[in-house]
Amino acid sequence: MTRATIVIGLTVILVGCGGGRAATEKTKGDRIRVSHSEGVEPLWIQECPVRTAHTLPFCGEAHRVASQKMACGEAYADALGKLRRAVGQKVDAKLVPDEAGGYKFQIKGSESEPLTIRGAWEDQRWSEEYQDQDDRTHDCWVMIAYPKLEYDNLIGVAQKATRDRVAKAAELHGDGKNLASMGRHAEAAIRFERAGTLLAGLKEPVVAPDGTSSDLLSEQVLADLRVSQDEAGESAKTALVVVRVVIEGQPKTRGSLARSVRNRVKNWLSRQGIHIRPGGLNTSMLEAVLSGDRHTAAKTAADKGAGLLLVIEIESEFKVKEDDVFYAFARGVFRLIRTADGRELHAADLGPEKQGHPASRQEAVKLSIEKLRDRQLGNVVREALLRVN
């Protein structure tokens with residue numbers, strides 16, 4: 001988001017007390033005025049002038065300050081604060097110092113470019129010095145004048161920036177709706193949150209060029225955000241489980257062995273409150289995960305509404321026959337991936353697990369897979385779930 005910038009050049013006119021005449025006739029409580037600025041005490045220090053068709057005056061004051069310089073600095077800041085508040089009542093803008101020693105308005109916009117508008121100046125200043133029983137203190141008044149034309153220009157720029165914010169919020173809301181329709185609620189919630197941030201704090205209802213009402217849009221954004229947050233929370237505890245068993249070089253995602261591993265893992269997950277999303281990944285997606293390219297597969301799982309992707313591959317092959325016993329070795333890999341960002345939450349190597357069978361090499365292969373499943377995989381799954389938060 002870019003920010004429209006309104007720069008106000010301020011010309012400081014220092015009116016010192018030097019040469020001021022003694023004036024002990026004025027008192028304030030226990031204080032007696034002993035000097036003041038040159039000239040006759042102006043009426044505007046009692047009541048700031050009203051706005052005209054051309055100028056907006058803002059008067060600030062400070063009292064009982066240790067020095068004239070400090071008193072007039074505080075009065076100047078008071079006047080600037082009133083200018084800032086007057087603008088802030090209309091638009092979302094704040095007054096801050098600029099790099100040139102002046103001040104600028106910073107307006108929250110969406111796509112607008114910075115714009116410079118000059119014209120504010122310090123119009124008048126009046127200061128007084130007082131004596132009480134112990135100390136001398138100073139009062140000061142400062143009036144800043146701001147052209148009505150520049151104020152109107154500022155409001156116009158700010159209102160355009162506000163309309164741009166509403167238009168951008170509508171665009172983000174549309175993106176979020178599309179993502180939510182695909183089941184990608186975590187990403188949708190981010191869009192809705194950004195849209196809500198843009199709409200928050202508007203001074204008054206705004207209608208975008210396409211007719212979008214900021215009030216109605218805000219209600220829709222909040223409602224959709226709640227739905228997507230709920231769905232994203234549910235998705236975060238939903239897993240897509242993919243199991244591939246490779247038996248003597250032949251990959252199998254179906255069959256009794258793969259099914260037994262998958263069912264056992266699903267039971268472990270269910271006990272921990274993890275829901276299972278039906279379906280799987282094609283061979284190329286599975287290979288991508290196992291080779292380290294997690295993001296494409298994670299996106300596919302996210303599209304299925306799964307916040308977690310769990311991939312297990314177990315390989316087993318016959319190795320040797322010794323003393324009339326067939327021996328096979330099983331080993332594997334385990335990957336748990338968060339689909340929202342493709343981050344690998346846990347990875348582990350499984351095995352090796354050596355098992356023998358007196359009658360069949362196929363049974364030795366099967367036994368090695370089952371023992372690997374029962375002895376190692378459960379612990380790996382439990383350890384991985386500790387990281388799901």
# chains A, B, ... in the order shown; residues from 1 in each chain; ligands from 1
call {"tool": "residues_around", "arguments": {"residues": "segment 171-176 of chain A", "least_positions_apart": "3", "cutoff": "8 Å", "atoms": "only C-alpha atoms", "output": "compact mmCIF listing (two decimals) with C-alpha atoms, in the first residue's frame"}}
result
# COMPACT_ATOMS: atom_id res chain seq x y z
CA ALA A 167 -11.85 -0.62 -4.34
CA LYS A 168 -8.75 -2.52 -3.25
CA LEU A 179 -9.87 -19.14 -2.91
CA ALA A 180 -12.60 -20.17 -0.47
CA GLU A 187 -5.23 -18.27 2.01
CA ALA A 188 -8.76 -16.86 1.73
CA ALA A 189 -8.68 -15.73 5.37
CA ILE A 190 -5.49 -13.76 4.70
CA ARG A 191 -7.21 -11.91 1.83
CA PHE A 192 -10.26 -11.18 3.97
CA ARG A 194 -6.25 -7.52 4.47
CA ALA A 195 -9.57 -6.28 3.10
CA VAL A 221 -15.77 -9.36 4.59
call {"tool": "residues_around", "arguments": {"residues": "Val227 of chain A", "least_positions_apart": "3", "cutoff": "12 Å", "atoms": "only C-alpha atoms", "output": "PDB file with N, CA, C and O atoms, in the first residue's frame"}}
result
ATOM      1  N   GLY A 176     -10.457 -13.557  -2.160  1.00  0.00           N
ATOM      2  CA  GLY A 176     -10.719 -14.461  -1.051  1.00  0.00           C
ATOM      3  C   GLY A 176     -11.889 -15.394  -1.334  1.00  0.00           C
ATOM      4  O   GLY A 176     -11.844 -16.584  -0.997  1.00  0.00           O
ATOM      5  N   LYS A 177     -12.933 -14.861  -1.946  1.00  0.00           N
ATOM      6  CA  LYS A 177     -14.094 -15.698  -2.290  1.00  0.00           C
ATOM      7  C   LYS A 177     -13.691 -16.797  -3.261  1.00  0.00           C
ATOM      8  O   LYS A 177     -14.140 -17.953  -3.135  1.00  0.00           O
ATOM      9  N   ALA A 180     -11.710 -19.398  -1.347  1.00  0.00           N
ATOM     10  CA  ALA A 180     -12.596 -20.172  -0.472  1.00  0.00           C
ATOM     11  C   ALA A 180     -13.410 -21.186  -1.269  1.00  0.00           C
ATOM     12  O   ALA A 180     -13.654 -22.303  -0.806  1.00  0.00           O
ATOM     13  N   SER A 181     -13.819 -20.810  -2.476  1.00  0.00           N
ATOM     14  CA  SER A 181     -14.602 -21.742  -3.303  1.00  0.00           C
ATOM     15  C   SER A 181     -13.791 -22.960  -3.707  1.00  0.00           C
ATOM     16  O   SER A 181     -14.355 -24.012  -4.027  1.00  0.00           O
ATOM     17  N   GLY A 183     -11.657 -24.314  -1.607  1.00  0.00           N
ATOM     18  CA  GLY A 183     -11.295 -24.991  -0.367  1.00  0.00           C
ATOM     19  C   GLY A 183     -10.010 -24.482   0.253  1.00  0.00           C
ATOM     20  O   GLY A 183      -9.550 -25.034   1.252  1.00  0.00           O
ATOM     21  N   ARG A 184      -9.430 -23.412  -0.284  1.00  0.00           N
ATOM     22  CA  ARG A 184      -8.163 -22.883   0.231  1.00  0.00           C
ATOM     23  C   ARG A 184      -8.460 -21.766   1.241  1.00  0.00           C
ATOM     24  O   ARG A 184      -8.195 -20.589   1.033  1.00  0.00           O
ATOM     25  N   HIS A 185      -9.019 -22.186   2.376  1.00  0.00           N
ATOM     26  CA  HIS A 185      -9.554 -21.219   3.328  1.00  0.00           C
ATOM     27  C   HIS A 185      -8.470 -20.466   4.089  1.00  0.00           C
ATOM     28  O   HIS A 185      -8.684 -19.312   4.488  1.00  0.00           O
ATOM     29  N   ALA A 186      -7.320 -21.078   4.342  1.00  0.00           N
ATOM     30  CA  ALA A 186      -6.250 -20.356   5.033  1.00  0.00           C
ATOM     31  C   ALA A 186      -5.789 -19.163   4.202  1.00  0.00           C
ATOM     32  O   ALA A 186      -5.590 -18.060   4.716  1.00  0.00           O
ATOM     33  N   ALA A 188      -7.607 -17.757   1.829  1.00  0.00           N
ATOM     34  CA  ALA A 188      -8.759 -16.856   1.733  1.00  0.00           C
ATOM     35  C   ALA A 188      -8.844 -15.952   2.956  1.00  0.00           C
ATOM     36  O   ALA A 188      -9.117 -14.753   2.847  1.00  0.00           O
ATOM     37  N   ALA A 189      -8.602 -16.516   4.142  1.00  0.00           N
ATOM     38  CA  ALA A 189      -8.679 -15.730   5.373  1.00  0.00           C
ATOM     39  C   ALA A 189      -7.670 -14.589   5.359  1.00  0.00           C
ATOM     40  O   ALA A 189      -7.957 -13.487   5.848  1.00  0.00           O
ATOM     41  N   PHE A 192      -9.166 -11.842   3.263  1.00  0.00           N
ATOM     42  CA  PHE A 192     -10.255 -11.175   3.970  1.00  0.00           C
ATOM     43  C   PHE A 192      -9.708 -10.271   5.080  1.00  0.00           C
ATOM     44  O   PHE A 192     -10.238  -9.173   5.310  1.00  0.00           O
ATOM     45  N   GLN A 220     -19.766  -8.066   4.693  1.00  0.00           N
ATOM     46  CA  GLN A 220     -19.504  -9.279   3.920  1.00  0.00           C
ATOM     47  C   GLN A 220     -18.115  -9.835   4.216  1.00  0.00           C
ATOM     48  O   GLN A 220     -17.937 -11.050   4.354  1.00  0.00           O
ATOM     49  N   VAL A 221     -17.146  -8.928   4.315  1.00  0.00           N
ATOM     50  CA  VAL A 221     -15.774  -9.357   4.593  1.00  0.00           C
ATOM     51  C   VAL A 221     -15.687 -10.050   5.950  1.00  0.00           C
ATOM     52  O   VAL A 221     -15.079 -11.123   6.085  1.00  0.00           O
ATOM     53  N   LEU A 222     -16.305  -9.445   6.970  1.00  0.00           N
ATOM     54  CA  LEU A 222     -16.257 -10.034   8.300  1.00  0.00           C
ATOM     55  C   LEU A 222     -16.947 -11.388   8.342  1.00  0.00           C
ATOM     56  O   LEU A 222     -16.460 -12.335   8.975  1.00  0.00           O
ATOM     57  N   ALA A 223     -18.086 -11.494   7.659  1.00  0.00           N
ATOM     58  CA  ALA A 223     -18.800 -12.772   7.639  1.00  0.00           C
ATOM     59  C   ALA A 223     -17.985 -13.844   6.933  1.00  0.00           C
ATOM     60  O   ALA A 223     -17.851 -14.980   7.420  1.00  0.00           O
ATOM     61  N   ASP A 224     -17.409 -13.510   5.794  1.00  0.00           N
ATOM     62  CA  ASP A 224     -16.596 -14.478   5.054  1.00  0.00           C
ATOM     63  C   ASP A 224     -15.319 -14.817   5.806  1.00  0.00           C
ATOM     64  O   ASP A 224     -14.832 -15.955   5.734  1.00  0.00           O
ATOM     65  N   ASP A 230     -12.925 -20.479  10.425  1.00  0.00           N
ATOM     66  CA  ASP A 230     -13.418 -21.749  10.964  1.00  0.00           C
ATOM     67  C   ASP A 230     -12.996 -22.911  10.077  1.00  0.00           C
ATOM     68  O   ASP A 230     -12.541 -23.957  10.559  1.00  0.00           O
ATOM     69  N   GLU A 231     -13.154 -22.723   8.772  1.00  0.00           N
ATOM     70  CA  GLU A 231     -12.787 -23.796   7.837  1.00  0.00           C
ATOM     71  C   GLU A 231     -11.278 -24.038   7.840  1.00  0.00           C
ATOM     72  O   GLU A 231     -10.823 -25.178   7.743  1.00  0.00           O
ATOM     73  N   ALA A 232     -10.503 -22.948   7.962  1.00  0.00           N
ATOM     74  CA  ALA A 232      -9.048 -23.101   7.999  1.00  0.00           C
ATOM     75  C   ALA A 232      -8.621 -23.845   9.257  1.00  0.00           C
ATOM     76  O   ALA A 232      -7.693 -24.666   9.216  1.00  0.00           O
ATOM     77  N   GLY A 233      -9.296 -23.543  10.374  1.00  0.00           N
ATOM     78  CA  GLY A 233      -8.996 -24.268  11.609  1.00  0.00           C
ATOM     79  C   GLY A 233      -9.296 -25.748  11.479  1.00  0.00           C
ATOM     80  O   GLY A 233      -8.542 -26.597  11.966  1.00  0.00           O
ATOM     81  N   GLU A 234     -10.405 -26.044  10.812  1.00  0.00           N
ATOM     82  CA  GLU A 234     -10.753 -27.449  10.569  1.00  0.00           C
ATOM     83  C   GLU A 234      -9.748 -28.078   9.618  1.00  0.00           C
ATOM     84  O   GLU A 234      -9.306 -29.223   9.814  1.00  0.00           O
TER      85      GLU A 234
END
call {"tool": "residues_around", "arguments": {"residues": "Pro49 of chain A", "least_positions_apart": "4", "cutoff": "9 Å", "atoms": "only C-alpha atoms", "output": "PyMOL selection string"}}
result
chain A and resi 43-44+56-59
call {"tool": "write_last_selection", "arguments": {"atoms": "all heavy atoms", "output": "compact mmCIF listing (two decimals), in the first residue's frame"}}
result
# COMPACT_ATOMS: atom_id res chain seq x y z
N LEU A 43 -6.84 40.78 20.07
CA LEU A 43 -8.08 40.16 20.51
C LEU A 43 -8.10 38.65 20.26
O LEU A 43 -8.79 37.91 20.97
CB LEU A 43 -9.27 40.82 19.80
CG LEU A 43 -9.52 42.29 20.14
CD1 LEU A 43 -10.67 42.85 19.30
CD2 LEU A 43 -9.82 42.46 21.63
N TRP A 44 -7.34 38.19 19.26
CA TRP A 44 -7.43 36.77 18.89
C TRP A 44 -6.91 35.82 19.96
O TRP A 44 -7.22 34.63 19.94
CB TRP A 44 -6.71 36.50 17.57
CG TRP A 44 -5.22 36.71 17.56
CD1 TRP A 44 -4.58 37.83 17.18
CD2 TRP A 44 -4.21 35.77 17.96
NE1 TRP A 44 -3.21 37.67 17.30
CE2 TRP A 44 -2.96 36.41 17.78
CE3 TRP A 44 -4.24 34.47 18.43
CZ2 TRP A 44 -1.75 35.77 18.07
CZ3 TRP A 44 -3.04 33.84 18.72
CH2 TRP A 44 -1.81 34.48 18.54
N LEU A 56 -8.37 29.26 7.10
CA LEU A 56 -8.75 28.52 8.31
C LEU A 56 -7.69 28.80 9.37
O LEU A 56 -6.54 28.37 9.23
CB LEU A 56 -8.80 27.01 8.04
CG LEU A 56 -9.68 26.53 6.88
CD1 LEU A 56 -9.60 25.02 6.77
CD2 LEU A 56 -11.12 26.96 7.09
N PRO A 57 -8.03 29.58 10.43
CA PRO A 57 -7.05 29.86 11.49
C PRO A 57 -7.10 28.79 12.59
O PRO A 57 -8.16 28.26 12.92
CB PRO A 57 -7.52 31.21 12.03
CG PRO A 57 -9.00 31.21 11.80
CD PRO A 57 -9.27 30.36 10.58
N PHE A 58 -5.95 28.50 13.16
CA PHE A 58 -5.83 27.55 14.27
C PHE A 58 -4.92 28.17 15.31
O PHE A 58 -3.77 28.51 15.02
CB PHE A 58 -5.26 26.21 13.80
CG PHE A 58 -6.13 25.54 12.78
CD1 PHE A 58 -5.91 25.73 11.43
CD2 PHE A 58 -7.17 24.72 13.18
CE1 PHE A 58 -6.71 25.11 10.49
CE2 PHE A 58 -7.98 24.09 12.24
CZ PHE A 58 -7.75 24.30 10.89
N CYS A 59 -5.45 28.36 16.53
CA CYS A 59 -4.72 29.06 17.59
C CYS A 59 -4.31 28.09 18.69
O CYS A 59 -5.11 27.27 19.15
CB CYS A 59 -5.59 30.16 18.18
SG CYS A 59 -6.14 31.39 16.96
call {"tool": "select_by_dssp", "arguments": {"residues": "segment 106-184 of chain A", "states": "strand (DSSP E)", "output": "ChimeraX atom specification"}}
result
/A:106-108,121-131,136-147
call {"tool": "closest_residue", "arguments": {"among": "A:Ser284, A:Arg31, A:Arg382, A:Val261", "to": "Asp134 of chain A", "atoms": "only C-alpha atoms"}}
result
A:Arg31
call {"tool": "atom_distance", "arguments": {"atom1": "atom CA of Ala359 of chain A", "atom2": "atom CA of Phe318 of chain A"}}
result
12.9 Å
call {"tool": "residues_around", "arguments": {"residues": "Phe334 of chain A", "least_positions_apart": "3", "cutoff": "6 Å", "atoms": "only C-alpha atoms", "output": "count of residues only"}}
result
4
call {"tool": "select_by_dssp", "arguments": {"residues": "segment 86-269 of chain A", "states": "helix (DSSP H, G or I)", "output": "MDAnalysis selection string"}}
result
chainID A and resid 86:88 148:181 185:199 214:236 256:269
call {"tool": "closest_residue", "arguments": {"among": "A:His357, A:Arg33, A:Arg51, A:Lys26", "to": "Val320 of chain A", "atoms": "only C-alpha atoms"}}
result
A:His357
call {"tool": "atom_distance", "arguments": {"atom1": "atom CA of His275 of chain A", "atom2": "atom CA of Arg335 of chain A"}}
result
17.5 Å
call {"tool": "atom_distance", "arguments": {"atom1": "atom CA of Gln362 of chain A", "atom2": "atom CA of Arg375 of chain A"}}
result
20.0 Å
call {"tool": "residues_around", "arguments": {"residues": "Leu216 of chain A", "least_positions_apart": "5", "cutoff": "12 Å", "atoms": "only C-alpha atoms", "output": "list in words"}}
result
Val166, Ala169, Ala170, Gly196, Leu199, Pro205, Val206, Val207, Ala208, Gly211, Val221, Leu222 and Ala223 of chain A
call {"tool": "write_last_selection", "arguments": {"atoms": "C-alpha atoms", "output": "PDB file, in the first residue's frame"}}
result
ATOM      1  CA  VAL A 166     -12.502   0.503  -0.760  1.00  0.00           C
ATOM      2  CA  ALA A 169     -10.677  -4.108  -0.385  1.00  0.00           C
ATOM      3  CA  ALA A 170     -13.345  -5.228  -2.848  1.00  0.00           C
ATOM      4  CA  GLY A 196     -10.887  -5.729   6.626  1.00  0.00           C
ATOM      5  CA  LEU A 199     -11.895  -0.825   5.555  1.00  0.00           C
ATOM      6  CA  PRO A 205     -19.382   5.321   4.551  1.00  0.00           C
ATOM      7  CA  VAL A 206     -17.806   5.375   1.093  1.00  0.00           C
ATOM      8  CA  VAL A 207     -19.130   4.234  -2.257  1.00  0.00           C
ATOM      9  CA  ALA A 208     -16.487   2.999  -4.688  1.00  0.00           C
ATOM     10  CA  GLY A 211     -21.047   1.186  -6.608  1.00  0.00           C
ATOM     11  CA  VAL A 221     -15.774  -9.357   4.593  1.00  0.00           C
ATOM     12  CA  LEU A 222     -16.257 -10.034   8.300  1.00  0.00           C
ATOM     13  CA  ALA A 223     -18.800 -12.772   7.639  1.00  0.00           C
TER      14      ALA A 223
END
call {"tool": "residues_around", "arguments": {"residues": "Leu367 of chain A", "least_positions_apart": "6", "cutoff": "10 Å", "atoms": "only C-alpha atoms", "output": "ChimeraX atom specification"}}
result
/A:257,316,327-330,353-357,361,373
call {"tool": "write_last_selection", "arguments": {"atoms": "all heavy atoms", "output": "mmCIF file, in the first residue's frame"}}
result
data_model
loop_
_atom_site.group_PDB
_atom_site.id
_atom_site.type_symbol
_atom_site.label_atom_id
_atom_site.label_comp_id
_atom_site.auth_asym_id
_atom_site.auth_seq_id
_atom_site.Cartn_x
_atom_site.Cartn_y
_atom_site.Cartn_z
ATOM 1 N N LEU A 257 -0.897 -54.708 1.656
ATOM 2 C CA LEU A 257 0.168 -54.143 2.484
ATOM 3 C C LEU A 257 0.071 -52.622 2.591
ATOM 4 O O LEU A 257 0.160 -52.063 3.686
ATOM 5 C CB LEU A 257 1.530 -54.538 1.911
ATOM 6 C CG LEU A 257 2.025 -55.945 2.260
ATOM 7 C CD1 LEU A 257 3.315 -56.257 1.531
ATOM 8 C CD2 LEU A 257 2.214 -56.090 3.758
ATOM 9 N N SER A 316 10.685 -52.811 0.350
ATOM 10 C CA SER A 316 11.147 -54.089 0.885
ATOM 11 C C SER A 316 11.571 -54.996 -0.262
ATOM 12 O O SER A 316 10.930 -55.019 -1.320
ATOM 13 C CB SER A 316 10.048 -54.770 1.704
ATOM 14 O OG SER A 316 10.517 -56.003 2.219
ATOM 15 N N TYR A 327 15.290 -64.177 3.900
ATOM 16 C CA TYR A 327 15.429 -62.913 4.611
ATOM 17 C C TYR A 327 15.138 -61.731 3.670
ATOM 18 O O TYR A 327 15.576 -61.735 2.523
ATOM 19 C CB TYR A 327 16.832 -62.765 5.195
ATOM 20 C CG TYR A 327 17.110 -63.691 6.354
ATOM 21 C CD1 TYR A 327 17.776 -64.898 6.156
ATOM 22 C CD2 TYR A 327 16.696 -63.357 7.632
ATOM 23 C CE1 TYR A 327 18.024 -65.761 7.218
ATOM 24 C CE2 TYR A 327 16.943 -64.211 8.707
ATOM 25 C CZ TYR A 327 17.607 -65.400 8.487
ATOM 26 O OH TYR A 327 17.837 -66.243 9.539
ATOM 27 N N ALA A 328 14.412 -60.773 4.229
ATOM 28 C CA ALA A 328 14.096 -59.542 3.485
ATOM 29 C C ALA A 328 14.360 -58.327 4.370
ATOM 30 O O ALA A 328 14.255 -58.408 5.601
ATOM 31 C CB ALA A 328 12.654 -59.550 3.013
ATOM 32 N N PHE A 329 14.687 -57.210 3.726
ATOM 33 C CA PHE A 329 14.924 -55.953 4.434
ATOM 34 C C PHE A 329 13.873 -54.929 3.997
ATOM 35 O O PHE A 329 13.535 -54.830 2.813
ATOM 36 C CB PHE A 329 16.312 -55.393 4.121
ATOM 37 C CG PHE A 329 17.423 -56.092 4.841
ATOM 38 C CD1 PHE A 329 17.960 -57.267 4.353
ATOM 39 C CD2 PHE A 329 17.931 -55.563 6.019
ATOM 40 C CE1 PHE A 329 18.989 -57.903 5.012
ATOM 41 C CE2 PHE A 329 18.971 -56.196 6.689
ATOM 42 C CZ PHE A 329 19.496 -57.375 6.187
ATOM 43 N N ALA A 330 13.377 -54.143 4.983
ATOM 44 C CA ALA A 330 12.447 -53.049 4.687
ATOM 45 C C ALA A 330 13.023 -51.744 5.225
ATOM 46 O O ALA A 330 13.625 -51.707 6.297
ATOM 47 C CB ALA A 330 11.085 -53.306 5.304
ATOM 48 N N GLU A 353 14.723 -52.761 8.585
ATOM 49 C CA GLU A 353 14.096 -53.831 9.368
ATOM 50 C C GLU A 353 14.323 -55.152 8.645
ATOM 51 O O GLU A 353 13.858 -55.333 7.513
ATOM 52 C CB GLU A 353 12.593 -53.559 9.533
ATOM 53 C CG GLU A 353 11.850 -54.607 10.311
ATOM 54 C CD GLU A 353 12.198 -54.586 11.799
ATOM 55 O OE1 GLU A 353 12.437 -53.483 12.347
ATOM 56 O OE2 GLU A 353 12.224 -55.676 12.404
ATOM 57 N N LYS A 354 15.028 -56.064 9.288
ATOM 58 C CA LYS A 354 15.328 -57.378 8.693
ATOM 59 C C LYS A 354 14.418 -58.428 9.303
ATOM 60 O O LYS A 354 14.292 -58.523 10.526
ATOM 61 C CB LYS A 354 16.791 -57.751 8.941
ATOM 62 C CG LYS A 354 17.181 -59.120 8.383
ATOM 63 C CD LYS A 354 18.626 -59.443 8.731
ATOM 64 C CE LYS A 354 19.021 -60.839 8.226
ATOM 65 N NZ LYS A 354 20.413 -61.182 8.579
ATOM 66 N N GLN A 355 13.774 -59.233 8.421
ATOM 67 C CA GLN A 355 12.887 -60.299 8.877
ATOM 68 C C GLN A 355 13.093 -61.533 8.005
ATOM 69 O O GLN A 355 13.379 -61.422 6.809
ATOM 70 C CB GLN A 355 11.426 -59.863 8.829
ATOM 71 C CG GLN A 355 11.054 -58.818 9.857
ATOM 72 C CD GLN A 355 11.148 -59.328 11.274
ATOM 73 O OE1 GLN A 355 10.784 -60.475 11.552
ATOM 74 N NE2 GLN A 355 11.665 -58.486 12.169
ATOM 75 N N GLY A 356 12.932 -62.682 8.650
ATOM 76 C CA GLY A 356 13.071 -63.937 7.921
ATOM 77 C C GLY A 356 11.816 -64.770 8.012
ATOM 78 O O GLY A 356 11.010 -64.630 8.941
ATOM 79 N N HIS A 357 11.656 -65.642 6.997
ATOM 80 C CA HIS A 357 10.500 -66.543 6.973
ATOM 81 C C HIS A 357 10.993 -67.900 6.460
ATOM 82 O O HIS A 357 11.734 -67.966 5.468
ATOM 83 C CB HIS A 357 9.397 -65.998 6.071
ATOM 84 C CG HIS A 357 8.089 -66.689 6.256
ATOM 85 N ND1 HIS A 357 7.772 -67.866 5.621
ATOM 86 C CD2 HIS A 357 7.015 -66.356 7.028
ATOM 87 C CE1 HIS A 357 6.558 -68.243 5.975
ATOM 88 N NE2 HIS A 357 6.071 -67.335 6.829
ATOM 89 N N ARG A 361 9.860 -66.264 0.283
ATOM 90 C CA ARG A 361 10.469 -64.944 0.197
ATOM 91 C C ARG A 361 9.421 -63.854 0.224
ATOM 92 O O ARG A 361 9.626 -62.783 0.788
ATOM 93 C CB ARG A 361 11.341 -64.833 -1.043
ATOM 94 C CG ARG A 361 10.608 -64.988 -2.367
ATOM 95 C CD ARG A 361 11.570 -64.994 -3.545
ATOM 96 N NE ARG A 361 12.056 -63.643 -3.826
ATOM 97 C CZ ARG A 361 13.062 -63.397 -4.668
ATOM 98 N NH1 ARG A 361 13.708 -64.391 -5.258
ATOM 99 N NH2 ARG A 361 13.443 -62.146 -4.909
ATOM 100 N N ARG A 373 6.364 -51.259 10.207
ATOM 101 C CA ARG A 373 5.155 -50.503 10.546
ATOM 102 C C ARG A 373 4.905 -50.502 12.048
ATOM 103 O O ARG A 373 4.675 -49.462 12.667
ATOM 104 C CB ARG A 373 3.958 -51.105 9.805
ATOM 105 C CG ARG A 373 2.609 -50.494 10.143
ATOM 106 C CD ARG A 373 1.501 -51.437 9.691
ATOM 107 N NE ARG A 373 1.526 -52.669 10.477
ATOM 108 C CZ ARG A 373 0.865 -53.794 10.133
ATOM 109 N NH1 ARG A 373 0.180 -53.836 8.999
ATOM 110 N NH2 ARG A 373 0.917 -54.855 10.906
#
call {"tool": "closest_residue", "arguments": {"among": "A:Arg277, A:Lys90, A:Lys82, A:His36", "to": "Glu128 of chain A", "atoms": "only C-alpha atoms"}}
result
A:His36
call {"tool": "residues_around", "arguments": {"residues": "Trp141 of chain A", "least_positions_apart": "6", "cutoff": "6 Å", "atoms": "only C-alpha atoms", "output": "number ranges by chain"}}
result
A: 60-61, 75, 125-126
